[in-house]
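K.L.:
Dropping the structure in here first, questions after.
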Amino acid sequence: VMHVDLRSKGHLTFNKLLSEKKINSVSLHPNGTTLATAGLDTTVKLWDIRKLKSTSKKSTPTPLATHISGKSVNSAFFSPSGKTLLTTTMMNTLDFIENAHLLTNGEAITPVHRIRHNNQTGRWLATLMARWHPHDNIFVVGSMERPRTIELFDGDSGTLLRGIQGDSLTAVASRCCFHPSSDKLIVCGGNSSGRVTIA
């Protein structure tokens, strides 16, 4: 993982090898110091970026905590409040990890809630990644269901709030997100062919 400070003319703050396999996502907690990584090594790991800055290039950093999924983890993102870490896994689950940023002693992380969700996009499609709304406690994720659907979930209960469907949604929207600043609830979904659907 590389960290570049654009405020100081692109100064490289740290460049650390945190996994021998591909890291699929990184997410910084609102506290500004706790970093979550997730990837092909089947784990979600939490790091203190202050220690990443201070350790030498040759040293191996120690994670604050680790969750072992069993299969590849597509993504792990902190909620806007930082309370919940939401992971999308190839175990066909969306996992909720609470107050992960408070862990400091290398503990094993156990999800407090789990949603069964088909995340098997196959070889030719981009992987699904559940993403939080920038302000509200809801999240969006693509779906393998037919007709093609973009799903919105409640971030507290994990309840499916609604599925977005339509004639323009003709393929799996593997990557979804919310508009970052609009007062209206605007969802974007992109497929592996480069087509974007806005709802």
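All residue names refer to the structure tokens as shown: chains lettered A, B, ... in order, residues numbered from 1 in each chain, ligands numbered from 1 in order.
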Can you tell me which residues surround Ser182 (chain A) at a distance of at most 12 Å, considering only C-alpha atoms, apart from same-chain residues fewer than 5 positions away, and format the answer as a list in words?
P.N.:
His133, Pro134, His135 and Val187 of chain A
K.L.:
List as a list in words the protein and nucleic acid residues near Val196 (chain A), meaning an atom at most 9 Å away when only C-alpha atoms are counted, but skip any in the same chain fewer than 6 places from it.
P.N.:
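Skipping anything fewer than 6 positions along the chain leaves Leu169, Ala173, Cys188, Gly189 and Gly190 of chain A.
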K.L.:
For the residues in the current selection, export all heavy atoms as a tab-separated table (two decimals), in the first residue's frame.
P.N.:
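What ended up in again.tsv:
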```tsv
chain	number	residue	atom	x	y	z
A	169	LEU	N	-31.01	-1.46	-17.38
A	169	LEU	CA	-30.10	-2.28	-16.57
A	169	LEU	C	-30.10	-3.69	-17.17
A	169	LEU	O	-30.85	-4.57	-16.75
A	169	LEU	CB	-30.57	-2.30	-15.12
A	169	LEU	CG	-29.56	-2.80	-14.07
A	169	LEU	CD1	-28.31	-1.92	-14.07
A	169	LEU	CD2	-30.20	-2.79	-12.69
A	173	ALA	N	-24.45	-5.01	-12.65
A	173	ALA	CA	-23.77	-3.77	-12.24
A	173	ALA	C	-22.78	-4.14	-11.13
A	173	ALA	O	-23.11	-4.11	-9.95
A	173	ALA	CB	-24.78	-2.75	-11.76
A	188	CYS	N	-25.35	5.07	-8.83
A	188	CYS	CA	-24.70	4.76	-10.11
A	188	CYS	C	-24.25	3.31	-10.08
A	188	CYS	O	-23.70	2.85	-9.08
A	188	CYS	CB	-23.50	5.66	-10.34
A	188	CYS	SG	-23.90	7.41	-10.46
A	189	GLY	N	-24.46	2.61	-11.19
A	189	GLY	CA	-24.00	1.23	-11.31
A	189	GLY	C	-23.28	1.04	-12.63
A	189	GLY	O	-23.79	1.43	-13.68
A	190	GLY	N	-22.08	0.46	-12.57
A	190	GLY	CA	-21.30	0.25	-13.77
A	190	GLY	C	-21.08	-1.23	-14.03
A	190	GLY	O	-20.88	-2.00	-13.09
```
K.L.:
Please provide the set of residues having any atom within 8 Å of region 145-153 of chain A, restricted to only C-alpha atoms, with same-chain residues fewer than 4 positions apart removed, written as a PyMOL selection string.
P.N.:
chain A and resi 138-141+158-166+169-173+176+189
K.L.:
Kindly export the residues of the current selection with N, CA, C and O atoms, as a compact mmCIF listing (two decimals), in the first residue's frame.
P.N.:
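Written out: result35.txt:
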```txt
# COMPACT_ATOMS: atom_id res chain seq x y z
N ILE A 138 -26.75 3.54 4.89
CA ILE A 138 -27.27 2.58 3.92
C ILE A 138 -26.13 2.23 2.96
O ILE A 138 -25.15 2.97 2.85
N PHE A 139 -26.26 1.08 2.29
CA PHE A 139 -25.23 0.72 1.33
C PHE A 139 -25.84 0.11 0.08
O PHE A 139 -27.00 -0.31 0.07
N VAL A 140 -25.05 0.10 -0.99
CA VAL A 140 -25.51 -0.38 -2.28
C VAL A 140 -24.56 -1.46 -2.78
O VAL A 140 -23.35 -1.42 -2.52
N VAL A 141 -25.11 -2.43 -3.50
CA VAL A 141 -24.30 -3.51 -4.06
C VAL A 141 -25.01 -4.06 -5.29
O VAL A 141 -26.25 -4.04 -5.37
N GLY A 158 -29.33 -4.63 8.09
CA GLY A 158 -28.99 -5.48 6.96
C GLY A 158 -30.19 -5.84 6.11
O GLY A 158 -30.11 -6.72 5.25
N THR A 159 -31.30 -5.15 6.32
CA THR A 159 -32.54 -5.42 5.59
C THR A 159 -32.46 -4.84 4.18
O THR A 159 -31.98 -3.71 3.99
N LEU A 160 -32.91 -5.60 3.20
CA LEU A 160 -32.99 -5.10 1.83
C LEU A 160 -34.09 -4.05 1.76
O LEU A 160 -35.26 -4.33 2.03
N LEU A 161 -33.72 -2.82 1.40
CA LEU A 161 -34.69 -1.73 1.34
C LEU A 161 -35.43 -1.72 0.01
O LEU A 161 -36.63 -1.52 -0.04
N ARG A 162 -34.68 -1.93 -1.06
CA ARG A 162 -35.31 -1.99 -2.38
C ARG A 162 -34.32 -2.49 -3.42
O ARG A 162 -33.11 -2.41 -3.23
N GLY A 163 -34.87 -3.00 -4.51
CA GLY A 163 -34.07 -3.38 -5.66
C GLY A 163 -34.38 -2.46 -6.81
O GLY A 163 -35.54 -2.20 -7.11
N ILE A 164 -33.35 -1.92 -7.44
CA ILE A 164 -33.52 -1.03 -8.58
C ILE A 164 -33.40 -1.85 -9.86
O ILE A 164 -32.39 -2.52 -10.08
N GLN A 165 -34.45 -1.80 -10.68
CA GLN A 165 -34.48 -2.53 -11.94
C GLN A 165 -34.96 -1.59 -13.04
O GLN A 165 -35.44 -0.49 -12.77
N GLY A 166 -34.79 -2.01 -14.27
CA GLY A 166 -35.26 -1.19 -15.38
C GLY A 166 -34.73 -1.71 -16.70
O GLY A 166 -33.82 -2.53 -16.75
N LEU A 169 -31.01 -1.46 -17.38
CA LEU A 169 -30.10 -2.28 -16.57
C LEU A 169 -30.10 -3.69 -17.17
O LEU A 169 -30.85 -4.57 -16.75
N THR A 170 -29.24 -3.89 -18.17
CA THR A 170 -29.26 -5.13 -18.93
C THR A 170 -28.16 -6.11 -18.55
O THR A 170 -28.16 -7.25 -19.00
N ALA A 171 -27.20 -5.67 -17.71
CA ALA A 171 -26.09 -6.53 -17.30
C ALA A 171 -25.83 -6.33 -15.81
O ALA A 171 -26.36 -5.41 -15.19
N VAL A 172 -25.01 -7.21 -15.25
CA VAL A 172 -24.68 -7.12 -13.83
C VAL A 172 -23.92 -5.83 -13.55
O VAL A 172 -22.88 -5.56 -14.16
N ALA A 173 -24.45 -5.01 -12.65
CA ALA A 173 -23.77 -3.77 -12.24
C ALA A 173 -22.78 -4.14 -11.13
O ALA A 173 -23.11 -4.11 -9.95
N CYS A 176 -20.97 -0.30 -7.86
CA CYS A 176 -22.04 0.66 -7.58
C CYS A 176 -21.58 1.66 -6.55
O CYS A 176 -20.73 1.38 -5.71
N GLY A 189 -24.46 2.61 -11.19
CA GLY A 189 -24.00 1.23 -11.31
C GLY A 189 -23.28 1.04 -12.63
O GLY A 189 -23.79 1.43 -13.68
```
K.L.:
Quick one: everything within 7 Å of Ala126 (chain A), counting only C-alpha atoms, minus sequence neighbours fewer than 3 positions away in the same chain. Send it as a ChimeraX atom specification.
P.N.:
/A:121,174,192
K.L.:
Write the residues you've just listed into a file as an mmCIF file, in the first residue's frame, and include C-alpha atoms for each of them.
P.N.:
```cif
data_model
loop_
_atom_site.group_PDB
_atom_site.id
_atom_site.type_symbol
_atom_site.label_atom_id
_atom_site.label_comp_id
_atom_site.auth_asym_id
_atom_site.auth_seq_id
_atom_site.Cartn_x
_atom_site.Cartn_y
_atom_site.Cartn_z
ATOM 1 C CA THR A 121 -19.622 -12.993 -10.765
ATOM 2 C CA SER A 174 -20.605 -5.016 -10.569
ATOM 3 C CA SER A 192 -17.873 -4.769 -17.091
#
```
K.L.:
Tell me, which residues of region 25-99 of chain A carry DSSP alpha helix (DSSP H), written as a VMD selection string?
P.N.:
chain A and resid 49 to 54
K.L.:
Write out as a PyMOL selection string the set of residues from region 47-157 of chain A that DSSP, computed on the backbone, places in strand (DSSP E).
P.N.:
chain A and resi 47-48+65-68+73-78+84-89+93-98+107-108+113-116+131-132+138-142+150-154
K.L.:
Could you save the residues just selected, with N, CA and C atoms, as a compact mmCIF listing (two decimals), in the first residue's frame?
P.N.:
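File produced: part_17.txt:
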```
# COMPACT_ATOMS: atom_id res chain seq x y z
N TRP A 47 -4.79 -1.77 10.22
CA TRP A 47 -3.45 -1.25 10.44
C TRP A 47 -3.51 0.14 11.04
N ASP A 48 -2.50 0.47 11.82
CA ASP A 48 -2.33 1.84 12.32
C ASP A 48 -1.34 2.52 11.38
N ALA A 65 -5.59 -6.10 13.94
CA ALA A 65 -6.56 -7.20 14.05
C ALA A 65 -6.73 -7.82 12.67
N THR A 66 -7.22 -9.08 12.65
CA THR A 66 -7.38 -9.81 11.39
C THR A 66 -8.67 -10.61 11.39
N HIS A 67 -9.37 -10.56 10.27
CA HIS A 67 -10.52 -11.43 10.05
C HIS A 67 -10.20 -12.36 8.89
N ILE A 68 -10.30 -13.66 9.10
CA ILE A 68 -10.04 -14.65 8.05
C ILE A 68 -11.39 -15.11 7.49
N VAL A 73 -11.62 -11.82 -0.31
CA VAL A 73 -12.48 -10.73 0.14
C VAL A 73 -12.41 -9.63 -0.92
N ASN A 74 -13.56 -9.34 -1.53
CA ASN A 74 -13.61 -8.34 -2.60
C ASN A 74 -13.38 -6.93 -2.09
N SER A 75 -13.93 -6.63 -0.90
CA SER A 75 -13.82 -5.27 -0.39
C SER A 75 -14.13 -5.24 1.10
N ALA A 76 -13.65 -4.18 1.74
CA ALA A 76 -13.99 -3.88 3.13
C ALA A 76 -13.97 -2.38 3.28
N PHE A 77 -15.12 -1.80 3.63
CA PHE A 77 -15.25 -0.35 3.72
C PHE A 77 -15.90 0.06 5.04
N PHE A 78 -15.34 1.10 5.65
CA PHE A 78 -15.91 1.66 6.86
C PHE A 78 -17.16 2.48 6.54
N THR A 84 -19.13 0.63 11.63
CA THR A 84 -19.26 -0.66 10.98
C THR A 84 -18.29 -0.79 9.80
N LEU A 85 -17.63 -1.93 9.75
CA LEU A 85 -16.81 -2.29 8.60
C LEU A 85 -17.58 -3.34 7.81
N LEU A 86 -17.92 -3.03 6.56
CA LEU A 86 -18.73 -3.90 5.71
C LEU A 86 -17.83 -4.60 4.71
N THR A 87 -17.88 -5.94 4.69
CA THR A 87 -17.05 -6.70 3.76
C THR A 87 -17.91 -7.48 2.77
N THR A 88 -17.39 -7.60 1.55
CA THR A 88 -18.02 -8.40 0.50
C THR A 88 -17.07 -9.55 0.19
N THR A 89 -17.53 -10.79 0.36
CA THR A 89 -16.62 -11.93 0.27
C THR A 89 -17.06 -12.93 -0.79
N THR A 93 -21.08 -13.80 1.13
CA THR A 93 -21.60 -13.10 2.30
C THR A 93 -21.28 -11.62 2.23
N LEU A 94 -22.11 -10.84 2.88
CA LEU A 94 -21.82 -9.45 3.25
C LEU A 94 -21.72 -9.46 4.77
N ASP A 95 -20.53 -9.17 5.29
CA ASP A 95 -20.28 -9.28 6.73
C ASP A 95 -20.18 -7.91 7.38
N PHE A 96 -20.73 -7.81 8.60
CA PHE A 96 -20.69 -6.58 9.36
C PHE A 96 -19.76 -6.77 10.56
N ILE A 97 -18.73 -5.96 10.64
CA ILE A 97 -17.80 -5.99 11.77
C ILE A 97 -17.94 -4.69 12.53
N GLU A 98 -18.26 -4.78 13.81
CA GLU A 98 -18.54 -3.58 14.61
C GLU A 98 -17.30 -3.12 15.38
N GLU A 107 -6.07 -9.07 17.65
CA GLU A 107 -7.18 -10.00 17.84
C GLU A 107 -7.72 -10.54 16.52
N ALA A 108 -8.37 -11.70 16.63
CA ALA A 108 -9.13 -12.24 15.52
C ALA A 108 -10.50 -11.58 15.51
N HIS A 113 -22.78 -9.72 12.26
CA HIS A 113 -23.96 -9.97 11.45
C HIS A 113 -23.51 -10.38 10.05
N ARG A 114 -24.29 -11.24 9.43
CA ARG A 114 -23.90 -11.76 8.10
C ARG A 114 -25.15 -11.89 7.24
N ILE A 115 -25.02 -11.42 5.98
CA ILE A 115 -26.09 -11.55 5.00
C ILE A 115 -25.63 -12.50 3.91
N ARG A 116 -26.44 -13.49 3.60
CA ARG A 116 -26.13 -14.36 2.47
C ARG A 116 -26.39 -13.57 1.19
N ARG A 131 -20.88 -0.77 -1.20
CA ARG A 131 -20.34 0.56 -0.87
C ARG A 131 -21.35 1.36 -0.05
N TRP A 132 -20.84 2.08 0.94
CA TRP A 132 -21.68 2.91 1.81
C TRP A 132 -22.09 4.20 1.12
N ILE A 138 -26.75 3.54 4.89
CA ILE A 138 -27.27 2.58 3.92
C ILE A 138 -26.13 2.23 2.96
N PHE A 139 -26.26 1.08 2.29
CA PHE A 139 -25.23 0.72 1.33
C PHE A 139 -25.84 0.11 0.08
N VAL A 140 -25.05 0.10 -0.99
CA VAL A 140 -25.51 -0.38 -2.28
C VAL A 140 -24.56 -1.46 -2.78
N VAL A 141 -25.11 -2.43 -3.50
CA VAL A 141 -24.30 -3.51 -4.06
C VAL A 141 -25.01 -4.06 -5.29
N GLY A 142 -24.23 -4.50 -6.26
CA GLY A 142 -24.81 -5.15 -7.43
C GLY A 142 -25.36 -6.51 -7.08
N ILE A 150 -29.88 -3.60 -8.88
CA ILE A 150 -28.96 -2.95 -7.94
C ILE A 150 -29.70 -2.90 -6.60
N GLU A 151 -29.05 -3.37 -5.55
CA GLU A 151 -29.74 -3.52 -4.26
C GLU A 151 -29.29 -2.48 -3.25
N LEU A 152 -30.25 -1.95 -2.51
CA LEU A 152 -30.00 -1.01 -1.42
C LEU A 152 -30.34 -1.68 -0.10
N PHE A 153 -29.43 -1.61 0.87
CA PHE A 153 -29.63 -2.25 2.17
C PHE A 153 -29.55 -1.23 3.29
N ASP A 154 -30.28 -1.51 4.37
CA ASP A 154 -30.15 -0.74 5.60
C ASP A 154 -28.86 -1.16 6.32
```
K.L.:
For CA of Met91 (chain A) and CA of Thr34 (chain A), quote the distance in Å rounded to one decimal.
P.N.:
25.1 Å
K.L.:
Point out the residue among A:Lys83, A:Lys45, A:Arg195, A:His29 with the least atom-to-atom distance to Gly155 (chain A), counting only C-alpha atoms.
P.N.:
A:Lys83
K.L.:
Leaving out Pro30 (chain A) and any residue of its chain fewer than 5 positions from it, which residues lie within 10 Å of it when counting only C-alpha atoms, given as a ChimeraX atom specification?
P.N.:
/A:35,78-83,101
K.L.:
Taking only C-alpha atoms into account, which of A:Ala130, A:Gly194, A:Ile109, A:Asn119 comes nearest Lys71 (chain A)?
P.N.:
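For Lys71 (chain A), the nearest of the given residues is A:Asn119.
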K.L.:
Restricting the calculation to only C-alpha atoms, which member of A:Leu64, A:Ile49, A:Leu17, A:Leu40 is positioned closest to Thr104 (chain A)?
P.N.:
A:Leu64
K.L.:
Grab the CA of Arg123 (chain A) to CA of Ser72 (chain A) distance for me, in Å with one decimal place.
P.N.:
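Computing it gives 13.7 Å between the two atoms.
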K.L.:
Near Val26 (chain A), within 7 Å and counting only C-alpha atoms, which residues show up once chain neighbours fewer than 3 positions away are dropped, as a list in words?
P.N.:
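Near neighbours after the sequence-gap exclusion: Leu35, Ala36, Thr37 and Ala38 of chain A.
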